file entry29.cif (mmCIF, C-alpha atoms and all ligand atoms)
data_entry
loop_
_atom_site.label_atom_id
_atom_site.label_comp_id
_atom_site.auth_asym_id
_atom_site.auth_seq_id
_atom_site.Cartn_x
_atom_site.Cartn_y
_atom_site.Cartn_z
CA ASN A 1 6.90 12.37 -17.21
CA GLU A 2 5.35 11.23 -13.96
CA LEU A 3 4.29 7.62 -13.64
CA VAL A 4 2.65 6.46 -10.43
CA PHE A 5 2.64 2.84 -9.22
CA SER A 6 1.39 1.31 -5.98
CA GLY A 7 -0.03 -1.97 -4.73
CA VAL A 8 -2.08 -3.58 -1.99
CA GLN A 9 -1.85 -7.22 -0.93
CA PRO A 10 -5.01 -9.33 -1.17
CA THR A 11 -4.55 -10.81 2.29
CA GLY A 12 -8.06 -10.11 3.64
CA ASN A 13 -9.30 -7.64 6.29
CA LEU A 14 -8.62 -4.42 4.35
CA HIS A 15 -8.68 -1.70 6.97
CA LEU A 16 -8.73 2.03 7.60
CA GLY A 17 -4.90 2.18 7.58
CA ASN A 18 -4.79 0.70 4.06
CA TYR A 19 -7.43 3.23 3.03
CA LEU A 20 -6.00 6.41 4.59
CA GLY A 21 -2.32 5.53 4.12
CA ALA A 22 -2.68 4.23 0.58
CA ILE A 23 -5.96 3.83 -1.34
CA LYS A 24 -7.39 7.31 -0.61
CA ARG A 25 -4.10 8.80 -1.76
CA PHE A 26 -4.14 6.66 -4.93
CA VAL A 27 -7.40 8.40 -5.79
CA GLU A 28 -5.87 11.82 -5.14
CA MET A 29 -2.95 10.99 -7.47
CA GLN A 30 -5.39 10.50 -10.36
CA ALA A 31 -5.96 14.26 -10.35
CA ARG A 32 -2.32 14.79 -11.33
CA ASP A 33 -1.39 14.65 -14.96
CA ALA A 34 0.25 11.23 -14.61
CA GLN A 35 -0.41 7.65 -15.66
CA CYS A 36 -1.31 5.71 -12.50
CA LEU A 37 -1.05 1.93 -12.11
CA TYR A 38 -2.72 0.31 -9.09
CA CYS A 39 -1.94 -3.33 -8.56
CA VAL A 40 -3.44 -6.08 -6.44
CA VAL A 41 -0.18 -7.75 -5.51
CA ASP A 42 -1.18 -11.41 -5.31
CA LEU A 43 2.38 -12.68 -5.83
CA HIS A 44 3.31 -10.80 -2.67
CA ALA A 45 0.32 -12.20 -0.80
CA ILE A 46 1.50 -15.81 -1.14
CA THR A 47 4.78 -15.06 0.66
CA LEU A 48 2.61 -16.06 3.63
CA TRP A 49 0.32 -19.05 3.02
CA GLN A 50 -3.08 -18.09 1.57
CA ASP A 51 -6.01 -20.47 1.36
CA PRO A 52 -6.57 -21.06 -2.39
CA ALA A 53 -10.31 -21.21 -1.76
CA GLU A 54 -10.20 -17.65 -0.37
CA LEU A 55 -7.56 -15.94 -2.51
CA LYS A 56 -9.71 -15.12 -5.57
CA GLY A 57 -12.28 -13.46 -3.29
CA GLN A 58 -9.54 -11.48 -1.56
CA ILE A 59 -8.19 -10.28 -4.93
CA ARG A 60 -11.67 -9.16 -5.96
CA GLU A 61 -12.17 -7.45 -2.59
CA VAL A 62 -9.08 -5.26 -3.01
CA THR A 63 -10.14 -4.45 -6.58
CA ALA A 64 -13.59 -3.52 -5.30
CA ALA A 65 -12.01 -1.25 -2.67
CA PHE A 66 -10.00 0.53 -5.38
CA LEU A 67 -13.08 1.10 -7.51
CA ALA A 68 -15.40 2.00 -4.61
CA ALA A 69 -12.87 4.55 -3.33
CA GLY A 70 -12.94 6.33 -6.68
CA ILE A 71 -10.13 4.87 -8.79
CA ASP A 72 -11.39 5.13 -12.35
CA PRO A 73 -10.27 2.03 -14.29
CA ALA A 74 -10.58 3.91 -17.58
CA ARG A 75 -7.99 6.47 -16.46
CA SER A 76 -5.84 4.41 -14.11
CA ILE A 77 -4.63 0.89 -14.82
CA VAL A 78 -6.10 -1.54 -12.27
CA PHE A 79 -4.82 -5.11 -12.41
CA ASN A 80 -3.52 -8.07 -10.44
CA GLN A 81 0.18 -8.79 -10.44
CA SER A 82 0.13 -12.48 -11.42
CA GLN A 83 -1.48 -11.66 -14.79
CA VAL A 84 1.57 -9.65 -15.87
CA PRO A 85 4.58 -12.02 -16.10
CA GLN A 86 7.15 -9.20 -16.32
CA HIS A 87 6.96 -8.61 -12.54
CA ALA A 88 8.34 -12.05 -11.71
CA GLU A 89 10.83 -11.99 -14.59
CA LEU A 90 12.33 -8.66 -13.58
CA ALA A 91 12.34 -9.76 -9.93
CA TRP A 92 14.70 -12.61 -10.85
CA ILE A 93 17.11 -10.24 -12.56
CA PHE A 94 16.93 -7.93 -9.54
CA ASN A 95 17.62 -10.89 -7.23
CA CYS A 96 20.97 -10.94 -8.98
CA VAL A 97 21.49 -7.20 -8.47
CA ALA A 98 20.36 -6.82 -4.83
CA ARG A 99 22.85 -7.83 -2.13
CA LEU A 100 22.17 -10.18 0.79
CA GLY A 101 23.39 -7.51 3.17
CA TRP A 102 20.70 -5.12 1.95
CA LEU A 103 17.92 -7.64 2.50
CA ASN A 104 19.26 -8.64 5.89
CA ARG A 105 18.44 -5.14 7.11
CA MET A 106 14.73 -5.28 6.18
CA THR A 107 12.67 -4.89 9.35
CA GLN A 108 9.39 -6.10 7.81
CA PHE A 109 10.96 -9.51 7.12
CA LYS A 110 12.14 -9.70 10.72
CA ASP A 111 8.65 -8.78 12.00
CA LYS A 112 6.76 -11.14 9.69
CA ALA A 113 9.16 -14.07 9.96
CA GLY A 114 9.08 -13.82 13.76
CA LYS A 115 11.23 -16.12 15.86
CA ASP A 116 11.03 -19.12 13.53
CA ARG A 117 13.07 -17.43 10.79
CA GLU A 118 14.50 -20.72 9.44
CA ASN A 119 10.96 -21.67 8.51
CA ALA A 120 10.02 -18.45 6.66
CA SER A 121 9.52 -18.72 2.90
CA VAL A 122 12.28 -17.58 0.56
CA GLY A 123 9.57 -15.43 -1.04
CA LEU A 124 9.03 -13.52 2.22
CA TYR A 125 12.75 -12.76 2.32
CA ALA A 126 12.84 -11.67 -1.34
CA TYR A 127 9.58 -9.67 -1.03
CA PRO A 128 11.25 -6.23 -1.33
CA VAL A 129 13.06 -7.30 -4.52
CA LEU A 130 9.73 -8.22 -6.13
CA MET A 131 8.41 -4.86 -4.97
CA ALA A 132 11.31 -3.12 -6.74
CA ALA A 133 10.42 -5.08 -9.89
CA ASP A 134 6.73 -4.06 -9.60
CA ILE A 135 7.73 -0.42 -9.57
CA LEU A 136 10.59 -0.47 -12.04
CA ALA A 137 8.89 -2.67 -14.66
CA TYR A 138 6.95 0.54 -15.39
CA ARG A 139 9.89 2.81 -14.58
CA ALA A 140 7.54 4.48 -12.10
CA THR A 141 8.69 7.83 -10.75
CA HIS A 142 6.32 8.14 -7.77
CA VAL A 143 5.02 5.56 -5.30
CA PRO A 144 2.35 6.54 -2.74
CA VAL A 145 2.60 4.22 0.28
CA GLY A 146 2.17 4.14 4.04
CA GLU A 147 5.10 4.86 6.33
CA ASP A 148 5.77 1.13 6.89
CA GLN A 149 6.97 0.78 3.28
CA LYS A 150 9.67 3.46 3.51
CA GLN A 151 12.54 1.01 3.90
CA HIS A 152 11.37 -1.08 0.94
CA LEU A 153 11.23 2.04 -1.23
CA GLU A 154 14.81 2.84 -0.26
CA LEU A 155 15.81 -0.64 -1.39
CA THR A 156 14.05 -0.02 -4.74
CA ARG A 157 16.17 3.11 -5.16
CA ASP A 158 19.33 1.16 -4.31
CA ILE A 159 18.49 -1.58 -6.83
CA ALA A 160 17.75 0.99 -9.57
CA GLY A 161 21.02 2.78 -8.84
CA LYS A 162 23.09 -0.40 -8.81
CA PHE A 163 21.54 -1.68 -12.04
CA ASN A 164 22.17 1.69 -13.75
CA ASN A 165 25.75 1.57 -12.52
CA ASP A 166 26.56 -2.13 -13.07
CA PHE A 167 25.27 -2.01 -16.64
CA SER A 168 26.15 1.59 -17.52
CA GLY A 169 28.25 0.60 -20.56
CA SER A 170 25.59 -1.68 -21.97
CA ILE A 171 22.83 0.85 -21.21
CA ALA A 172 24.72 3.46 -23.26
CA ALA A 173 25.57 0.93 -26.01
CA HIS A 174 21.86 0.22 -26.41
CA GLY A 175 21.09 3.89 -26.81
CA HIS A 176 19.45 4.55 -23.43
CA GLY A 177 20.14 7.52 -21.15
CA GLU A 178 22.39 6.82 -18.16
CA ASP A 179 19.45 6.61 -15.74
CA PHE A 180 17.71 3.66 -17.36
CA PHE A 181 15.74 3.08 -14.19
CA PRO A 182 14.49 6.22 -12.41
CA ILE A 183 15.32 6.77 -8.75
CA THR A 184 11.73 6.53 -7.54
CA GLU A 185 10.27 9.08 -5.13
CA PRO A 186 8.28 7.64 -2.25
CA LEU A 187 5.15 9.68 -1.49
CA ILE A 188 4.61 9.15 2.22
CA GLY A 189 2.70 11.68 4.21
CA GLY A 190 -0.52 13.23 5.32
CA PRO A 191 -1.97 12.88 8.80
CA ALA A 192 -2.48 9.10 8.49
CA ALA A 193 0.77 7.78 6.99
CA ARG A 194 0.86 5.36 9.92
CA VAL A 195 -2.53 4.49 11.41
CA MET A 196 -2.14 2.67 14.71
CA SER A 197 -4.15 -0.12 16.31
CA LEU A 198 -7.27 1.07 18.16
CA ARG A 199 -6.25 -1.18 21.08
CA ASP A 200 -2.60 -0.15 21.33
CA GLY A 201 -1.34 3.20 20.03
CA THR A 202 2.21 1.87 19.69
CA LYS A 203 1.30 -0.90 17.21
CA LYS A 204 0.43 -0.42 13.54
CA MET A 205 -3.18 -1.11 12.54
CA SER A 206 -2.75 -4.38 10.67
CA LYS A 207 -4.72 -7.01 8.77
CA SER A 208 -3.12 -9.79 10.72
CA ASP A 209 -3.91 -8.50 14.24
CA PRO A 210 -5.98 -11.26 15.85
CA SER A 211 -8.23 -8.66 17.52
CA ASP A 212 -10.89 -7.40 15.10
CA ASN A 213 -11.45 -4.47 17.51
CA SER A 214 -7.91 -3.26 16.75
CA ARG A 215 -8.95 -2.13 13.27
CA ILE A 216 -11.84 -0.67 11.31
CA ASN A 217 -12.38 -2.93 8.32
CA LEU A 218 -13.52 -1.26 5.11
CA THR A 219 -16.52 -3.58 5.02
CA ASP A 220 -17.61 -2.79 8.61
CA ASP A 221 -21.12 -1.38 8.82
CA ALA A 222 -22.10 1.76 10.75
CA ASP A 223 -22.76 -0.16 13.99
CA ALA A 224 -19.40 -1.93 13.93
CA ILE A 225 -17.57 1.33 13.18
CA ALA A 226 -19.34 3.08 16.07
CA GLN A 227 -18.64 0.25 18.49
CA LYS A 228 -14.94 0.04 17.62
CA VAL A 229 -14.39 3.80 17.90
CA ARG A 230 -16.21 3.94 21.25
CA LYS A 231 -14.09 1.04 22.58
CA ALA A 232 -10.82 2.51 21.25
CA LYS A 233 -8.14 2.92 23.92
CA THR A 234 -7.55 6.50 25.13
CA ASP A 235 -5.88 8.29 28.03
CA PRO A 236 -7.74 10.23 30.74
CA GLU A 237 -6.72 13.79 29.68
CA PRO A 238 -8.87 16.05 27.49
CA LEU A 239 -7.53 16.80 23.99
CA PRO A 240 -4.76 19.43 23.74
CA SER A 241 -5.33 22.58 21.71
CA GLU A 242 -2.34 22.03 19.40
CA ALA A 243 -0.76 19.02 17.66
CA ALA A 244 2.45 19.48 19.68
CA GLY A 245 0.46 18.50 22.78
CA LEU A 246 -0.16 15.02 21.31
CA SER A 247 3.45 13.92 21.73
CA GLY A 248 3.73 11.10 24.25
CA ARG A 249 -0.02 10.38 23.82
CA PRO A 250 -0.04 7.75 21.04
CA GLU A 251 -3.73 6.84 21.29
CA ALA A 252 -4.89 10.47 21.25
CA ASP A 253 -2.49 11.22 18.39
CA ASN A 254 -3.87 8.30 16.41
CA LEU A 255 -7.54 9.24 16.78
CA VAL A 256 -6.85 12.89 15.93
CA GLY A 257 -4.77 11.78 12.91
CA ILE A 258 -7.61 9.54 11.69
CA PHE A 259 -10.10 12.38 12.11
CA ALA A 260 -7.81 14.78 10.24
CA ALA A 261 -7.26 12.36 7.33
CA LEU A 262 -10.97 11.59 6.98
CA LYS A 263 -11.75 15.32 7.02
CA ASP A 264 -8.83 16.31 4.70
CA ALA A 265 -7.57 18.61 7.46
CA THR A 266 -4.45 18.85 9.62
CA ARG A 267 -4.17 17.77 13.26
CA ASP A 268 -3.94 21.45 14.26
CA GLU A 269 -7.16 22.27 12.42
CA VAL A 270 -8.96 19.40 14.15
CA LEU A 271 -7.63 20.50 17.54
CA SER A 272 -8.69 24.09 16.95
CA ASP A 273 -12.24 22.67 17.03
CA TYR A 274 -11.80 19.98 19.69
CA GLY A 275 -8.97 21.25 21.95
CA GLY A 276 -10.08 20.84 25.56
CA ALA A 277 -12.81 18.31 24.63
CA GLN A 278 -13.20 15.03 26.51
CA PHE A 279 -12.81 11.82 24.49
CA SER A 280 -16.50 11.01 24.92
CA VAL A 281 -17.34 14.12 22.87
CA PHE A 282 -14.52 13.70 20.35
CA LYS A 283 -15.31 10.02 19.79
CA GLY A 284 -18.95 10.93 19.05
CA ALA A 285 -17.77 13.32 16.33
CA LEU A 286 -15.29 10.74 15.01
CA VAL A 287 -18.01 8.08 14.76
CA GLU A 288 -20.19 10.46 12.79
CA LEU A 289 -17.39 11.39 10.41
CA ALA A 290 -16.11 7.82 9.98
CA VAL A 291 -19.60 6.49 9.26
CA GLU A 292 -20.25 9.30 6.78
CA LYS A 293 -17.03 8.53 4.86
CA LEU A 294 -16.71 4.76 5.23
CA ALA A 295 -20.23 3.32 5.25
CA PRO A 296 -20.90 4.27 1.59
CA LEU A 297 -17.47 2.89 0.63
CA GLY A 298 -18.20 -0.44 2.31
CA ALA A 299 -21.67 -0.63 0.73
CA GLU A 300 -20.24 0.06 -2.74
CA MET A 301 -17.54 -2.60 -2.18
CA LYS A 302 -20.22 -5.16 -1.34
CA ARG A 303 -22.21 -4.20 -4.45
CA LEU A 304 -19.13 -4.62 -6.65
CA ILE A 305 -18.07 -7.91 -5.03
CA ALA A 306 -21.50 -9.31 -5.89
CA ASP A 307 -20.55 -9.03 -9.59
CA PRO A 308 -17.23 -10.91 -9.89
CA ALA A 309 -17.46 -11.07 -13.71
CA HIS A 310 -17.28 -7.26 -13.88
CA ILE A 311 -14.29 -7.16 -11.53
CA ASP A 312 -12.49 -9.87 -13.49
CA ALA A 313 -13.08 -7.92 -16.72
CA VAL A 314 -11.57 -4.78 -15.15
CA LEU A 315 -8.52 -6.79 -14.06
CA ALA A 316 -8.06 -8.43 -17.47
CA ASP A 317 -8.26 -5.09 -19.26
CA GLY A 318 -5.84 -3.54 -16.77
CA ALA A 319 -3.39 -6.44 -17.12
CA ALA A 320 -3.30 -6.06 -20.92
CA ARG A 321 -2.60 -2.32 -20.59
CA ALA A 322 0.02 -2.89 -17.88
CA GLU A 323 1.80 -5.53 -19.96
CA ALA A 324 1.91 -3.16 -22.93
CA ILE A 325 4.09 -0.86 -20.78
CA ALA A 326 6.15 -3.52 -18.98
CA ALA A 327 6.98 -5.75 -21.97
CA PRO A 328 9.15 -3.21 -23.84
CA THR A 329 10.97 -2.42 -20.58
CA LEU A 330 11.75 -6.10 -20.08
CA ASP A 331 12.92 -6.43 -23.69
CA ALA A 332 15.29 -3.52 -23.10
CA VAL A 333 16.49 -5.03 -19.80
CA LYS A 334 17.23 -8.36 -21.51
CA ASP A 335 19.24 -6.58 -24.19
CA ILE A 336 21.12 -4.60 -21.54
CA VAL A 337 21.92 -7.73 -19.50
CA GLY A 338 23.07 -9.53 -22.66
CA PHE A 339 20.46 -12.23 -23.17
CA VAL A 340 19.61 -13.60 -26.61
CA ARG A 341 15.90 -13.07 -27.18
CA LYS A 342 13.46 -13.85 -29.94
CA GLY A 343 12.29 -11.13 -32.34
N1 LIG A 401 -1.56 1.02 9.58
C1 LIG A 401 -1.31 1.59 8.42
N2 LIG A 401 -1.30 2.95 8.29
C2 LIG A 401 -1.06 3.54 7.09
N3 LIG A 401 -0.82 2.84 5.95
C3 LIG A 401 -0.83 1.49 6.03
N4 LIG A 401 -0.64 0.53 5.12
C4 LIG A 401 -0.76 -0.69 5.72
N5 LIG A 401 -1.02 -0.54 7.02
C5 LIG A 401 -1.07 0.81 7.25
C6 LIG A 401 -0.38 0.78 3.71
O1 LIG A 401 -1.34 0.09 2.94
C7 LIG A 401 -0.74 -0.29 1.69
C8 LIG A 401 -1.03 -1.74 1.45
O2 LIG A 401 -0.46 -2.54 2.46
P1 LIG A 401 -0.20 -4.06 2.16
O3 LIG A 401 -1.47 -4.71 1.81
O4 LIG A 401 0.84 -4.21 1.16
O5 LIG A 401 0.36 -4.74 3.42
P2 LIG A 401 0.85 -4.42 4.83
O6 LIG A 401 1.57 -3.14 4.93
O7 LIG A 401 1.60 -5.59 5.23
O8 LIG A 401 -0.56 -4.31 5.54
P3 LIG A 401 -0.98 -4.77 6.94
O9 LIG A 401 -2.37 -4.39 7.09
O10 LIG A 401 -0.07 -4.28 7.98
O11 LIG A 401 -0.89 -6.32 6.88
P4 LIG A 401 -0.12 -7.31 7.81
O12 LIG A 401 -0.98 -7.49 8.99
O13 LIG A 401 -0.02 -8.53 6.96
O14 LIG A 401 1.21 -6.69 8.13
C9 LIG A 401 0.76 0.03 1.80
O15 LIG A 401 1.00 1.25 1.12
C10 LIG A 401 0.95 0.20 3.28
O16 LIG A 401 2.01 1.10 3.55
#

call {"tool": "encode", "arguments": {"input": "entry29.cif", "output": "structure tokens"}}
result
Amino acid sequence: NELVFSGVQPTGNLHLGNYLGAIKRFVEMQARDAQCLYCVVDLHAITLWQDPAELKGQIREVTAAFLAAGIDPARSIVFNQSQVPQHAELAWIFNCVARLGWLNRMTQFKDKAGKDRENASVGLYAYPVLMAADILAYRATHVPVGEDQKQHLELTRDIAGKFNNDFSGSIAAHGHGEDFFPITEPLIGGPAARVMSLRDGTKKMSKSDPSDNSRINLTDDADAIAQKVRKAKTDPEPLPSEAAGLSGRPEADNLVGIFAALKDATRDEVLSDYGGAQFSVFKGALVELAVEKLAPLGAEMKRLIADPAHIDAVLADGAARAEAIAAPTLDAVKDIVGFVRKG
């Protein structure tokens, strides 16, 4: 049985990369015959300091983006991580399974901690272990994410494998199959698995980039979208007629990839229409397409955010349904590890 899990951090400035690399694909996964869980990962968000006066709004904004994009909270389980205690509980057990050497290789920690590593939170370091717990508390088989999460997904697989191996005798003694935790499949792909900054085609589009012109925010209106696309960095050559011609042209590759993802097409299909075109022409078409797809999404997000009670009710309902799946897994894990537990 397929079970899909993924999450987005409520750290503000949700952008086109989060949408094309993750949220749009969450919606597509609903069409498969699988239970999907989509989580606003607030425990992850506080690995970097978040203003308590802003955090609730940020959590509701991500929830609104999920719903506005087409995630149906009756079919999928939409919730925020801190309402389901099993994530943090399982993360502790996994802290005792994961090895320091594995975490020392994580490039996202190195990027986010920067030069002042001694001053980074322990949570930022242990972030990928909590992510493994998010996924494995539901024994999820498939995780749609952007390219930047590939290494963390590999760590999840390593933790699942080591747990299955370290506790194989106890897993069997408690009547479970030898693969208690599944070896989760990352679902990374499509033309926008890694959307780059509009100002620098070698840097990922990111919430924390100080330049607002580097990203299209999901709440940007039509004028802002148009202005940012028109200002986006390009090179002087016209577009090539095939995707192979984009290599070594990161900015052109990025804009064509964004166009393709918005249009549900491939880069080659886009270039069969725009090969040989100047950027002035292509950007005009991209503005039109981006406004057509994103402006209604942003408007619907704003409408939903205006009714926080509705969003909070969706999250509470989702948390109860998520906990109903995670609690029996945690009970089984405690038995396997050898804890005494009530009832
Ligand atoms: N640029 C991107 N292209 C494609 N996918 C992306 N994702 C993020 N950036 C891009 C995917 O969005 C999902 C949620 O990401 P996240 O909220 O967990 O955090 P992040 O990856 O740390 O996002 P940012 O925007 O890059 O934030 P900062 O600036 O804090 O580093 C994930 O599936 C992610 O892959």

call {"tool": "closest_residue", "arguments": {"input": "entry29.cif", "among": "A:Gly7, A:Pro210, A:Gly101, A:Ile216", "to": "Gly146 in chain A", "atoms": "only C-alpha atoms"}}
result
A:Gly7

call {"tool": "axis_aligned_box", "arguments": {"input": "entry29.cif", "around": "range 33-50 of chain A", "padding_each_side": "5 Å", "output": "JSON"}}
result
{"center_x": 0.7, "center_y": -2.2, "center_z": -6.0, "size_x": 18.2, "size_y": 43.7, "size_z": 29.3}

call {"tool": "residues_around", "arguments": {"input": "entry29.cif", "residues": "Ser121 in chain A", "least_positions_apart": "4", "cutoff": "12 Å", "atoms": "all atoms listed in the file", "output": "number ranges by chain"}}
result
A: 44-49, 109, 112-114, 116-117, 125-127

call {"tool": "atom_distance", "arguments": {"input": "entry29.cif", "atom1": "CA of Asp264 in chain A", "atom2": "CA of Ser76 in chain A"}}
result
22.5 Å

call {"tool": "residues_near_ligand", "arguments": {"input": "entry29.cif", "ligand": "ligand LIG 401 (chain A)", "cutoff": "9 Å", "atoms": "all atoms listed in the file", "output": "PyMOL selection string"}}
result
chain A and resi 6-23+40-41+44-45+48+108+111-112+143-150+188+192-197+203-209+215

call {"tool": "residues_around", "arguments": {"input": "entry29.cif", "residues": "Leu255 in chain A", "least_positions_apart": "6", "cutoff": "10 Å", "atoms": "only C-alpha atoms", "output": "list in words"}}
result
Ala192, Val195, Met196, Ser197, Leu198, Gly201, Val229, Ala232, Lys233, Thr234, Ala261, Arg267, Phe279, Phe282, Lys283 and Leu286 of chain A

call {"tool": "write_last_selection", "arguments": {"input": "entry29.cif", "atoms": "C-alpha atoms", "output": "PDB file, keeping the file's coordinate frame"}}
result
ATOM      1  CA  ALA A 192      -2.480   9.100   8.490  1.00  0.00           C
ATOM      2  CA  VAL A 195      -2.530   4.490  11.410  1.00  0.00           C
ATOM      3  CA  MET A 196      -2.140   2.670  14.710  1.00  0.00           C
ATOM      4  CA  SER A 197      -4.150  -0.120  16.310  1.00  0.00           C
ATOM      5  CA  LEU A 198      -7.270   1.070  18.160  1.00  0.00           C
ATOM      6  CA  GLY A 201      -1.340   3.200  20.030  1.00  0.00           C
ATOM      7  CA  VAL A 229     -14.390   3.800  17.900  1.00  0.00           C
ATOM      8  CA  ALA A 232     -10.820   2.510  21.250  1.00  0.00           C
ATOM      9  CA  LYS A 233      -8.140   2.920  23.920  1.00  0.00           C
ATOM     10  CA  THR A 234      -7.550   6.500  25.130  1.00  0.00           C
ATOM     11  CA  ALA A 261      -7.260  12.360   7.330  1.00  0.00           C
ATOM     12  CA  ARG A 267      -4.170  17.770  13.260  1.00  0.00           C
ATOM     13  CA  PHE A 279     -12.810  11.820  24.490  1.00  0.00           C
ATOM     14  CA  PHE A 282     -14.520  13.700  20.350  1.00  0.00           C
ATOM     15  CA  LYS A 283     -15.310  10.020  19.790  1.00  0.00           C
ATOM     16  CA  LEU A 286     -15.290  10.740  15.010  1.00  0.00           C
TER      17      LEU A 286
END

call {"tool": "atom_distance", "arguments": {"input": "entry29.cif", "atom1": "CA of Arg105 in chain A", "atom2": "CA of Ile93 in chain A"}}
result
20.4 Å

call {"tool": "atom_distance", "arguments": {"input": "entry29.cif", "atom1": "CA of Val340 in chain A", "atom2": "CA of Ala322 in chain A"}}
result
24.0 Å

call {"tool": "residues_around", "arguments": {"input": "entry29.cif", "residues": "Leu3 in chain A", "least_positions_apart": "5", "cutoff": "8 Å", "atoms": "only C-alpha atoms", "output": "PDB file with C-alpha atoms, in the coordinates of the input"}}
result
ATOM      1  CA  ALA A  34       0.250  11.230 -14.610  1.00  0.00           C
ATOM      2  CA  GLN A  35      -0.410   7.650 -15.660  1.00  0.00           C
ATOM      3  CA  CYS A  36      -1.310   5.710 -12.500  1.00  0.00           C
ATOM      4  CA  LEU A  37      -1.050   1.930 -12.110  1.00  0.00           C
ATOM      5  CA  TYR A 138       6.950   0.540 -15.390  1.00  0.00           C
ATOM      6  CA  ARG A 139       9.890   2.810 -14.580  1.00  0.00           C
ATOM      7  CA  ALA A 140       7.540   4.480 -12.100  1.00  0.00           C
ATOM      8  CA  THR A 141       8.690   7.830 -10.750  1.00  0.00           C
ATOM      9  CA  HIS A 142       6.320   8.140  -7.770  1.00  0.00           C
TER      10      HIS A 142
END

call {"tool": "closest_residue", "arguments": {"input": "entry29.cif", "among": "A:Asp273, A:Asp200, A:Asp42, A:Glu154", "to": "Pro250 in chain A", "atoms": "all atoms listed in the file"}}
result
A:Asp200

call {"tool": "closest_residue", "arguments": {"input": "entry29.cif", "among": "A:Asn95, A:Ser247, A:Gln151, A:Asn1", "to": "Phe163 in chain A", "atoms": "all atoms listed in the file"}}
result
A:Asn95

call {"tool": "residues_around", "arguments": {"input": "entry29.cif", "residues": "range 293-303 of chain A", "least_positions_apart": "2", "cutoff": "9 Å", "atoms": "only C-alpha atoms", "output": "NGL selection string"}}
result
:A and (16 or 61-69 or 217-222 or 225 or 262-263 or 288-291 or 305-307)
